[in-house]
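As provided, work35.txt (compact mmCIF, N, CA and C atoms) reads as follows.
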# COMPACT_ATOMS: atom_id res chain seq x y z
N MET A 238 13.90 -14.93 14.96
CA MET A 238 13.64 -14.93 13.53
C MET A 238 12.14 -15.02 13.30
N ASN A 239 11.66 -14.28 12.35
CA ASN A 239 10.23 -14.26 12.04
C ASN A 239 9.83 -15.47 11.20
N GLU A 240 8.60 -15.92 11.42
CA GLU A 240 8.02 -17.00 10.63
C GLU A 240 7.85 -16.53 9.19
N GLU A 241 8.20 -17.39 8.23
CA GLU A 241 8.03 -17.04 6.82
C GLU A 241 6.59 -17.27 6.39
N VAL A 242 6.02 -16.28 5.72
CA VAL A 242 4.67 -16.37 5.18
C VAL A 242 4.80 -16.47 3.67
N ILE A 243 4.18 -17.47 3.09
CA ILE A 243 4.25 -17.67 1.65
C ILE A 243 3.07 -16.95 1.00
N ILE A 244 3.37 -16.06 0.05
CA ILE A 244 2.36 -15.33 -0.72
C ILE A 244 2.44 -15.85 -2.15
N GLY A 245 1.34 -16.37 -2.66
CA GLY A 245 1.31 -16.84 -4.05
C GLY A 245 1.34 -15.65 -5.00
N PHE A 246 2.03 -15.80 -6.13
CA PHE A 246 2.20 -14.75 -7.13
C PHE A 246 1.72 -15.28 -8.48
N LYS A 247 0.71 -14.65 -9.06
CA LYS A 247 0.13 -15.06 -10.35
C LYS A 247 0.32 -13.95 -11.37
N ARG A 248 1.00 -14.24 -12.47
CA ARG A 248 1.20 -13.26 -13.53
C ARG A 248 -0.06 -13.11 -14.38
N PHE A 249 -0.45 -11.85 -14.59
CA PHE A 249 -1.48 -11.51 -15.56
C PHE A 249 -0.82 -10.88 -16.79
N ASN A 250 0.43 -10.49 -16.65
CA ASN A 250 1.24 -9.92 -17.71
C ASN A 250 2.58 -10.66 -17.66
N THR A 251 3.05 -11.14 -18.79
CA THR A 251 4.29 -11.94 -18.81
C THR A 251 5.50 -11.16 -18.32
N ARG A 252 5.42 -9.83 -18.35
CA ARG A 252 6.55 -9.00 -17.90
C ARG A 252 6.42 -8.56 -16.45
N ALA A 253 5.42 -9.07 -15.75
CA ALA A 253 5.25 -8.73 -14.33
C ALA A 253 6.46 -9.23 -13.54
N VAL A 254 6.87 -8.44 -12.56
CA VAL A 254 8.03 -8.76 -11.73
C VAL A 254 7.55 -9.03 -10.30
N ILE A 255 8.08 -10.11 -9.71
CA ILE A 255 7.75 -10.42 -8.32
C ILE A 255 8.27 -9.27 -7.45
N PRO A 256 7.44 -8.72 -6.54
CA PRO A 256 7.89 -7.63 -5.67
C PRO A 256 9.13 -8.03 -4.87
N THR A 257 10.01 -7.06 -4.65
CA THR A 257 11.28 -7.33 -3.97
C THR A 257 11.52 -6.33 -2.84
N ARG A 258 12.30 -6.77 -1.87
CA ARG A 258 12.78 -5.89 -0.81
C ARG A 258 14.13 -5.32 -1.23
N ALA A 259 14.31 -4.03 -0.98
CA ALA A 259 15.59 -3.39 -1.33
C ALA A 259 16.71 -3.89 -0.43
N THR A 260 16.40 -4.13 0.84
CA THR A 260 17.38 -4.64 1.80
C THR A 260 16.69 -5.68 2.68
N SER A 261 17.45 -6.45 3.42
CA SER A 261 16.86 -7.46 4.31
C SER A 261 16.04 -6.81 5.42
N GLY A 262 16.31 -5.56 5.73
CA GLY A 262 15.56 -4.85 6.77
C GLY A 262 14.37 -4.06 6.25
N SER A 263 14.13 -4.08 4.95
CA SER A 263 13.02 -3.32 4.38
C SER A 263 11.68 -3.94 4.79
N ALA A 264 10.75 -3.09 5.22
CA ALA A 264 9.40 -3.56 5.55
C ALA A 264 8.56 -3.69 4.29
N GLY A 265 8.84 -2.86 3.30
CA GLY A 265 8.05 -2.84 2.07
C GLY A 265 8.71 -3.61 0.94
N PHE A 266 7.86 -4.13 0.07
CA PHE A 266 8.30 -4.82 -1.15
C PHE A 266 8.02 -3.89 -2.33
N ASP A 267 9.05 -3.56 -3.09
CA ASP A 267 8.88 -2.68 -4.25
C ASP A 267 8.09 -3.39 -5.34
N CYS A 268 7.17 -2.65 -5.96
CA CYS A 268 6.36 -3.14 -7.07
C CYS A 268 6.78 -2.42 -8.34
N TYR A 269 6.89 -3.16 -9.43
CA TYR A 269 7.43 -2.67 -10.69
C TYR A 269 6.36 -2.58 -11.76
N LEU A 270 6.49 -1.59 -12.63
CA LEU A 270 5.58 -1.49 -13.78
C LEU A 270 5.95 -2.54 -14.81
N PRO A 271 4.96 -3.33 -15.29
CA PRO A 271 5.28 -4.35 -16.28
C PRO A 271 5.39 -3.80 -17.70
N THR A 272 4.83 -2.62 -17.95
CA THR A 272 4.86 -2.02 -19.29
C THR A 272 5.05 -0.52 -19.18
N THR A 273 5.51 0.08 -20.26
CA THR A 273 5.59 1.53 -20.33
C THR A 273 4.21 2.09 -20.66
N LEU A 274 3.83 3.13 -19.94
CA LEU A 274 2.53 3.76 -20.13
C LEU A 274 2.73 5.24 -20.42
N ALA A 275 1.67 5.91 -20.88
CA ALA A 275 1.73 7.36 -21.07
C ALA A 275 2.05 8.01 -19.73
N PRO A 276 2.82 9.10 -19.74
CA PRO A 276 3.13 9.79 -18.49
C PRO A 276 1.85 10.22 -17.77
N ILE A 277 1.94 10.31 -16.45
CA ILE A 277 0.82 10.79 -15.66
C ILE A 277 0.99 12.29 -15.46
N SER A 278 -0.06 13.04 -15.74
CA SER A 278 -0.02 14.50 -15.70
C SER A 278 -0.32 15.04 -14.31
N ASN A 279 0.11 16.27 -14.08
CA ASN A 279 -0.18 16.94 -12.82
C ASN A 279 -1.69 17.00 -12.59
N GLY A 280 -2.15 16.58 -11.41
CA GLY A 280 -3.55 16.58 -11.06
C GLY A 280 -4.30 15.32 -11.50
N GLU A 281 -3.68 14.47 -12.29
CA GLU A 281 -4.34 13.27 -12.79
C GLU A 281 -4.32 12.15 -11.75
N ILE A 282 -5.42 11.41 -11.71
CA ILE A 282 -5.53 10.18 -10.92
C ILE A 282 -5.76 9.05 -11.91
N ARG A 283 -4.95 7.99 -11.79
CA ARG A 283 -5.06 6.90 -12.76
C ARG A 283 -4.79 5.56 -12.06
N ILE A 284 -5.58 4.57 -12.42
CA ILE A 284 -5.33 3.21 -11.95
C ILE A 284 -4.32 2.58 -12.90
N VAL A 285 -3.22 2.10 -12.35
CA VAL A 285 -2.15 1.48 -13.12
C VAL A 285 -2.05 0.03 -12.66
N LYS A 286 -2.22 -0.90 -13.61
CA LYS A 286 -2.15 -2.32 -13.30
C LYS A 286 -0.70 -2.76 -13.12
N LEU A 287 -0.48 -3.64 -12.15
CA LEU A 287 0.87 -4.13 -11.86
C LEU A 287 1.20 -5.44 -12.54
N GLY A 288 0.20 -6.05 -13.20
CA GLY A 288 0.46 -7.24 -14.00
C GLY A 288 0.44 -8.55 -13.22
N PHE A 289 0.04 -8.50 -11.95
CA PHE A 289 0.00 -9.73 -11.15
C PHE A 289 -1.12 -9.67 -10.12
N GLY A 290 -1.45 -10.85 -9.62
CA GLY A 290 -2.35 -11.00 -8.49
C GLY A 290 -1.65 -11.79 -7.42
N LEU A 291 -2.19 -11.76 -6.22
CA LEU A 291 -1.57 -12.45 -5.10
C LEU A 291 -2.55 -13.42 -4.44
N GLU A 292 -2.02 -14.50 -3.93
CA GLU A 292 -2.75 -15.43 -3.08
C GLU A 292 -2.32 -15.11 -1.65
N ILE A 293 -3.10 -14.26 -1.00
CA ILE A 293 -2.77 -13.78 0.34
C ILE A 293 -3.39 -14.75 1.35
N PRO A 294 -2.59 -15.30 2.26
CA PRO A 294 -3.15 -16.24 3.23
C PRO A 294 -4.23 -15.59 4.10
N GLU A 295 -5.21 -16.38 4.46
CA GLU A 295 -6.25 -15.89 5.37
C GLU A 295 -5.58 -15.45 6.67
N GLY A 296 -6.05 -14.33 7.20
CA GLY A 296 -5.45 -13.79 8.42
C GLY A 296 -4.39 -12.73 8.13
N TYR A 297 -4.17 -12.44 6.83
CA TYR A 297 -3.21 -11.42 6.41
C TYR A 297 -3.87 -10.46 5.44
N CYS A 298 -3.25 -9.31 5.26
CA CYS A 298 -3.67 -8.38 4.22
C CYS A 298 -2.41 -7.75 3.63
N VAL A 299 -2.56 -7.12 2.49
CA VAL A 299 -1.48 -6.39 1.84
C VAL A 299 -1.90 -4.93 1.76
N ARG A 300 -0.98 -4.04 2.10
CA ARG A 300 -1.24 -2.61 1.97
C ARG A 300 -0.32 -2.05 0.89
N ILE A 301 -0.91 -1.27 -0.02
CA ILE A 301 -0.17 -0.61 -1.09
C ILE A 301 0.08 0.82 -0.65
N VAL A 302 1.36 1.21 -0.64
CA VAL A 302 1.74 2.54 -0.17
C VAL A 302 2.71 3.18 -1.17
N PRO A 303 2.85 4.51 -1.10
CA PRO A 303 3.78 5.17 -2.02
C PRO A 303 5.23 4.85 -1.67
N ARG A 304 6.09 5.00 -2.63
CA ARG A 304 7.53 4.98 -2.37
C ARG A 304 7.90 6.39 -1.93
N SER A 305 8.65 6.53 -0.88
CA SER A 305 8.90 7.86 -0.30
C SER A 305 9.62 8.79 -1.28
N GLY A 306 10.53 8.26 -2.09
CA GLY A 306 11.23 9.10 -3.05
C GLY A 306 10.29 9.71 -4.08
N LEU A 307 9.33 8.91 -4.56
CA LEU A 307 8.35 9.43 -5.52
C LEU A 307 7.37 10.37 -4.82
N ALA A 308 6.94 10.02 -3.62
CA ALA A 308 6.00 10.87 -2.88
C ALA A 308 6.60 12.24 -2.59
N SER A 309 7.89 12.27 -2.31
CA SER A 309 8.54 13.56 -2.03
C SER A 309 8.57 14.47 -3.25
N LYS A 310 8.40 13.87 -4.44
CA LYS A 310 8.36 14.64 -5.68
C LYS A 310 6.94 14.90 -6.16
N GLY A 311 5.95 14.26 -5.49
CA GLY A 311 4.56 14.52 -5.83
C GLY A 311 3.81 13.41 -6.52
N LEU A 312 4.35 12.19 -6.53
CA LEU A 312 3.60 11.05 -7.09
C LEU A 312 3.14 10.19 -5.93
N LEU A 313 1.83 10.20 -5.68
CA LEU A 313 1.25 9.57 -4.50
C LEU A 313 0.39 8.38 -4.88
N VAL A 314 0.09 7.54 -3.90
CA VAL A 314 -0.95 6.53 -4.02
C VAL A 314 -2.20 7.19 -3.45
N ALA A 315 -3.21 7.40 -4.31
CA ALA A 315 -4.35 8.23 -3.95
C ALA A 315 -5.11 7.72 -2.74
N ASN A 316 -5.27 6.42 -2.61
CA ASN A 316 -6.03 5.88 -1.48
C ASN A 316 -5.10 5.28 -0.44
N SER A 317 -3.96 5.91 -0.25
CA SER A 317 -2.92 5.35 0.59
C SER A 317 -3.35 5.26 2.05
N PRO A 318 -3.18 4.11 2.66
CA PRO A 318 -2.75 2.88 2.00
C PRO A 318 -3.91 2.16 1.34
N GLY A 319 -3.64 1.61 0.15
CA GLY A 319 -4.62 0.74 -0.48
C GLY A 319 -4.62 -0.59 0.27
N LEU A 320 -5.75 -1.22 0.36
CA LEU A 320 -5.87 -2.44 1.16
C LEU A 320 -6.33 -3.61 0.28
N LEU A 321 -5.58 -4.70 0.31
CA LEU A 321 -5.94 -5.93 -0.39
C LEU A 321 -6.27 -6.99 0.64
N ASP A 322 -7.50 -7.47 0.60
CA ASP A 322 -7.93 -8.52 1.51
C ASP A 322 -7.49 -9.88 0.98
N SER A 323 -7.49 -10.88 1.85
CA SER A 323 -7.05 -12.22 1.45
C SER A 323 -7.96 -12.85 0.41
N ASP A 324 -9.19 -12.38 0.29
CA ASP A 324 -10.09 -12.96 -0.71
C ASP A 324 -10.12 -12.18 -2.03
N PHE A 325 -9.23 -11.21 -2.20
CA PHE A 325 -9.12 -10.48 -3.47
C PHE A 325 -8.28 -11.31 -4.42
N LYS A 326 -8.84 -11.72 -5.56
CA LYS A 326 -8.16 -12.66 -6.47
C LYS A 326 -8.04 -12.11 -7.88
N GLN A 327 -7.86 -10.80 -8.03
CA GLN A 327 -7.77 -10.20 -9.35
C GLN A 327 -6.39 -9.55 -9.54
N GLU A 328 -6.18 -9.02 -10.75
CA GLU A 328 -4.95 -8.28 -11.00
C GLU A 328 -4.94 -7.03 -10.13
N ILE A 329 -3.79 -6.76 -9.54
CA ILE A 329 -3.65 -5.62 -8.62
C ILE A 329 -3.36 -4.36 -9.42
N GLY A 330 -4.05 -3.31 -9.05
CA GLY A 330 -3.80 -1.99 -9.62
C GLY A 330 -3.47 -1.03 -8.49
N VAL A 331 -2.69 -0.03 -8.82
CA VAL A 331 -2.36 1.02 -7.85
C VAL A 331 -2.99 2.31 -8.36
N ILE A 332 -3.64 3.06 -7.48
CA ILE A 332 -4.27 4.33 -7.87
C ILE A 332 -3.25 5.44 -7.66
N LEU A 333 -2.64 5.88 -8.76
CA LEU A 333 -1.61 6.92 -8.70
C LEU A 333 -2.25 8.29 -8.83
N TRP A 334 -1.66 9.27 -8.14
CA TRP A 334 -2.14 10.65 -8.17
C TRP A 334 -0.92 11.56 -8.24
N SER A 335 -0.83 12.31 -9.31
CA SER A 335 0.28 13.25 -9.47
C SER A 335 -0.12 14.61 -8.92
N VAL A 336 0.61 15.07 -7.94
CA VAL A 336 0.40 16.42 -7.40
C VAL A 336 1.66 17.26 -7.57
N GLY A 337 2.61 16.76 -8.34
CA GLY A 337 3.88 17.46 -8.46
C GLY A 337 4.45 17.53 -9.85
N GLY A 338 3.59 17.46 -10.86
CA GLY A 338 4.09 17.57 -12.23
C GLY A 338 3.77 16.35 -13.05
N ILE A 339 4.53 16.19 -14.13
CA ILE A 339 4.35 15.07 -15.05
C ILE A 339 5.39 14.02 -14.71
N PHE A 340 4.95 12.76 -14.59
CA PHE A 340 5.85 11.67 -14.25
C PHE A 340 5.82 10.62 -15.35
N PRO A 341 6.99 10.22 -15.87
CA PRO A 341 7.03 9.13 -16.83
C PRO A 341 6.69 7.82 -16.12
N LEU A 342 6.11 6.89 -16.85
CA LEU A 342 5.76 5.57 -16.31
C LEU A 342 6.39 4.53 -17.22
N ASN A 343 7.61 4.13 -16.91
CA ASN A 343 8.37 3.24 -17.77
C ASN A 343 8.41 1.82 -17.23
N GLN A 344 8.43 0.86 -18.15
CA GLN A 344 8.54 -0.54 -17.76
C GLN A 344 9.73 -0.71 -16.82
N GLY A 345 9.52 -1.42 -15.73
CA GLY A 345 10.59 -1.69 -14.77
C GLY A 345 10.71 -0.67 -13.66
N ASP A 346 10.00 0.48 -13.78
CA ASP A 346 10.04 1.48 -12.71
C ASP A 346 9.44 0.90 -11.44
N ARG A 347 10.08 1.19 -10.30
CA ARG A 347 9.48 0.85 -9.00
C ARG A 347 8.46 1.95 -8.72
N ILE A 348 7.19 1.60 -8.74
CA ILE A 348 6.12 2.60 -8.74
C ILE A 348 5.42 2.75 -7.39
N CYS A 349 5.46 1.72 -6.57
CA CYS A 349 4.84 1.75 -5.24
C CYS A 349 5.49 0.63 -4.44
N GLN A 350 5.04 0.46 -3.22
CA GLN A 350 5.51 -0.68 -2.44
C GLN A 350 4.34 -1.28 -1.68
N MET A 351 4.53 -2.50 -1.23
CA MET A 351 3.48 -3.16 -0.47
C MET A 351 4.07 -3.71 0.82
N THR A 352 3.23 -3.72 1.85
CA THR A 352 3.59 -4.36 3.11
C THR A 352 2.60 -5.49 3.36
N ILE A 353 3.05 -6.51 4.05
CA ILE A 353 2.22 -7.66 4.40
C ILE A 353 1.96 -7.54 5.90
N GLU A 354 0.68 -7.62 6.27
CA GLU A 354 0.33 -7.43 7.68
C GLU A 354 -0.56 -8.56 8.18
N LYS A 355 -0.27 -9.00 9.39
CA LYS A 355 -1.11 -10.01 10.04
C LYS A 355 -2.30 -9.30 10.67
N ILE A 356 -3.47 -9.87 10.46
CA ILE A 356 -4.70 -9.29 10.98
C ILE A 356 -5.18 -10.14 12.15
N PRO A 357 -5.33 -9.55 13.33
CA PRO A 357 -5.81 -10.34 14.47
C PRO A 357 -7.26 -10.74 14.28
N ASN A 358 -7.62 -11.86 14.85
CA ASN A 358 -9.01 -12.32 14.83
C ASN A 358 -9.75 -11.53 15.90
N CYS A 359 -10.61 -10.59 15.50
CA CYS A 359 -11.29 -9.69 16.42
C CYS A 359 -12.79 -9.80 16.26
N SER A 360 -13.48 -9.39 17.27
CA SER A 360 -14.93 -9.22 17.19
C SER A 360 -15.28 -7.98 18.00
N PHE A 361 -16.44 -7.42 17.73
CA PHE A 361 -16.88 -6.23 18.44
C PHE A 361 -17.93 -6.62 19.46
N GLN A 362 -17.84 -5.98 20.61
CA GLN A 362 -18.80 -6.22 21.66
C GLN A 362 -19.30 -4.86 22.13
N GLU A 363 -20.60 -4.68 22.11
CA GLU A 363 -21.17 -3.41 22.54
C GLU A 363 -20.99 -3.26 24.05
N ILE A 364 -20.57 -2.06 24.46
CA ILE A 364 -20.39 -1.76 25.88
C ILE A 364 -21.13 -0.48 26.22
N ASP A 365 -21.37 -0.24 27.50
CA ASP A 365 -22.09 0.95 27.94
C ASP A 365 -21.18 2.16 28.08
N GLU A 366 -19.93 1.96 28.48
CA GLU A 366 -19.00 3.06 28.73
C GLU A 366 -17.61 2.69 28.24
N LEU A 367 -16.84 3.71 27.88
CA LEU A 367 -15.42 3.52 27.58
C LEU A 367 -14.62 3.75 28.84
N SER A 368 -13.51 3.05 28.98
CA SER A 368 -12.67 3.24 30.16
C SER A 368 -12.08 4.65 30.12
N PRO A 369 -11.78 5.21 31.29
CA PRO A 369 -11.26 6.58 31.31
C PRO A 369 -9.89 6.65 30.62
N GLU A 370 -9.63 7.78 29.98
CA GLU A 370 -8.33 7.98 29.33
C GLU A 370 -7.47 8.87 30.21
N VAL A 371 -6.21 8.95 29.87
CA VAL A 371 -5.32 9.87 30.56
C VAL A 371 -5.83 11.28 30.29
N GLU A 372 -5.90 12.08 31.32
CA GLU A 372 -6.45 13.43 31.15
C GLU A 372 -5.57 14.26 30.22
N ARG A 373 -6.20 14.87 29.24
CA ARG A 373 -5.51 15.77 28.32
C ARG A 373 -6.53 16.75 27.76
N THR A 374 -6.04 17.82 27.23
CA THR A 374 -6.92 18.82 26.65
C THR A 374 -6.48 19.08 25.22
N GLY A 375 -7.37 19.63 24.43
CA GLY A 375 -6.98 20.05 23.09
C GLY A 375 -7.52 19.22 21.96
N GLY A 376 -8.04 18.01 22.20
CA GLY A 376 -8.63 17.23 21.11
C GLY A 376 -7.61 16.69 20.14
N TRP A 377 -7.95 16.71 18.82
CA TRP A 377 -7.09 16.16 17.77
C TRP A 377 -5.70 16.77 17.81
N GLY A 378 -4.70 15.91 17.75
CA GLY A 378 -3.32 16.38 17.70
C GLY A 378 -2.80 16.89 19.04
N SER A 379 -3.53 16.63 20.13
CA SER A 379 -3.13 17.20 21.41
C SER A 379 -2.03 16.41 22.13
N THR A 380 -1.55 15.33 21.52
CA THR A 380 -0.51 14.54 22.17
C THR A 380 0.89 15.02 21.81
N GLY A 381 0.98 16.23 21.27
CA GLY A 381 2.29 16.80 20.97
C GLY A 381 2.56 17.02 19.51
N VAL A 382 1.72 16.50 18.64
CA VAL A 382 1.89 16.72 17.21
C VAL A 382 1.16 18.00 16.85
N SER A 383 1.87 18.91 16.23
CA SER A 383 1.25 20.18 15.89
C SER A 383 1.64 20.60 14.48
N ASN A 384 0.70 21.16 13.77
CA ASN A 384 0.96 21.70 12.45
C ASN A 384 1.17 23.21 12.51
N GLU A 385 1.11 23.77 13.70
CA GLU A 385 1.26 25.21 13.83
C GLU A 385 2.72 25.62 13.77
N THR A 386 2.95 26.77 13.20
CA THR A 386 4.30 27.32 13.14
C THR A 386 4.58 28.03 14.46
N PRO A 387 5.75 27.78 15.09
CA PRO A 387 6.05 28.42 16.37
C PRO A 387 6.19 29.92 16.24

Structure translated into structure tokens:
Amino acid sequence: MNEEVIIGFKRFNTRAVIPTRATSGSAGFDCYLPTTLAPISNGEIRIVKLGFGLEIPEGYCVRIVPRSGLASKGLLVANSPGLLDSDFKQEIGVILWSVGGIFPLNQGDRICQMTIEKIPNCSFQEIDELSPEVERTGGWGSTGVSNETP
């Protein structure tokens, strides 16, 4: 069983909804619109406030990502994933980008999702050489991922 991490939730809008998991196995927490807004037009990028802020424990971060159902229709998170550091103490906004038409933005809509991630304590050390890698050719995407049509 995983250790429970407590994330503080502060309302900036009385209609803000605490993010929820759709199932116990969901990695992401759905985020809801606290108010109805004008629809977002095709090609438009807009910051939409979620009506709350979070108290993220030190050593963790929150990533804001699109909901796959909306993304498949063309409503994306423009800076996906958006990153919230533990010292960010303001109302959270999501940068929406419509690439698939006009989307209504209604109160209660699940508009994006967030994941909570543990950040390792790291430091950088300058070195003279990198260790050898497994021999391969082809550069970017050479590990078997291809965008080419067969």

Original post:
At what distance in Å, to one decimal, does CA of Phe249 in chain A lie from CA of Leu307 in chain A?
Top reply: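 Here the two named atoms are 25.2 Å from each other.
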
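With atom C of Ser335 in chain A on one side and CA of Pro276 in chain A on the other, the separation reads 11.2 Å.
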
**OP:** Just give me the gap between atom N of Arg258 in chain A and atom N of Gly288 in chain A in Å, one decimal is fine.
**Re:** 16.6 Å

Original post:
Which one is closest to Leu270 in chain A: A:Leu367, A:Leu313, A:Ile356, A:Val285? Count only N, CA and C atoms.
Top reply: A:Val285

Subject >> Test item: residues at most 8 Å from Leu291 in chain A, only C-alpha atoms, excluding those fewer than 3 positions along its chain, as a list of chain:residue names >> reply: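 Near Leu291 in chain A, the qualifying residues are A:Ile244, A:Gly245, A:Phe246, A:Lys247, A:Phe325, A:Lys326, A:Gln327, A:Glu328, A:Ile329.
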
Original post:
Per DSSP on the backbone, what are the strand (DSSP E or B) residues of range 271-351 of chain A, as an MDAnalysis selection string?
Top reply: chainID A and resid 274:277 282:286 289:292 297:302 312:314 319:321 330:335 340:342 347:351

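Of the listed residues (A:Leu321, A:Ala253, A:Val331, A:Ala264), A:Val331 comes nearest to Arg283 in chain A; the distances count only C-alpha atoms.
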
**OP:** Could you check which of A:Trp334, A:Phe361, A:Phe340, A:Phe289 is closest to Thr273 in chain A, using only C-alpha atoms?
**Re:**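 Counting only C-alpha atoms, the residue closest to Thr273 in chain A is A:Phe340.
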
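The shell of residues at most 6.5 Å from Ser317 in chain A, with all atoms listed in the file counted and near chain neighbours (fewer than 6 positions) removed, consists of A:Ile301, A:Val302, A:Pro303.
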
Original post:
Of the candidates A:Tyr297, A:Asn250, A:Ile282, A:Ser305, which shows the shortest atom-to-atom distance to Gln350 in chain A, using only C-alpha atoms?
Top reply: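 Going through A:Tyr297, A:Asn250, A:Ile282, A:Ser305 one by one, the smallest distance to Gln350 in chain A is for A:Ser305.
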
**OP:** Tell me which of A:Ile255, A:Leu342, A:Val371, A:Val314 sits closest to Gly330 in chain A, counting only C-alpha atoms.
**Re:** A:Val314

Original post:
For Val299 in chain A, which residue among A:Ala259, A:Ala315, A:Cys359, A:Leu320 is the nearest when counting only C-alpha atoms?
Top reply: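 Of the candidates, the smallest distance to Val299 in chain A is held by A:Leu320.
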
Original post:
Near Cys349 in chain A, counting only N, CA and C atoms, which residues have an atom at most 6.5 Å away, once you skip same-chain residues fewer than 2 positions from it, shown as a PyMOL selection string?
Top reply: chain A and resi 266-269+302-304+346-347+351

**OP:** Would you list the contacts of Cys298 in chain A as a PyMOL selection string, taking every protein, DNA or RNA residue within 8 Å and counting only C-alpha atoms, but skipping same-chain residues closer than 2 positions in sequence?
**Re:** chain A and resi 293-294+296+300+320-323+353-356

Subject >> Expected answer as a list in words: alpha helix (DSSP H) residues in range 279-316 of chain A >> reply: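 Here is the list: Ser305, Gly306, Leu307 and Ala308 of chain A.
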
Once you have the residues from the selection above, write them out as a JSON list (two decimals), in the coordinates of the input, restricted to N, CA and C atoms.
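Contents of part.json, freshly written:
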[["chain", "number", "residue", "atom", "x", "y", "z"],
["A", 305, "SER", "N", 8.65, 6.53, -0.88],
["A", 305, "SER", "CA", 8.90, 7.86, -0.30],
["A", 305, "SER", "C", 9.62, 8.79, -1.28],
["A", 306, "GLY", "N", 10.53, 8.26, -2.09],
["A", 306, "GLY", "CA", 11.23, 9.10, -3.05],
["A", 306, "GLY", "C", 10.29, 9.71, -4.08],
["A", 307, "LEU", "N", 9.33, 8.91, -4.56],
["A", 307, "LEU", "CA", 8.35, 9.43, -5.52],
["A", 307, "LEU", "C", 7.37, 10.37, -4.82],
["A", 308, "ALA", "N", 6.94, 10.02, -3.62],
["A", 308, "ALA", "CA", 6.00, 10.87, -2.88],
["A", 308, "ALA", "C", 6.60, 12.24, -2.59]]
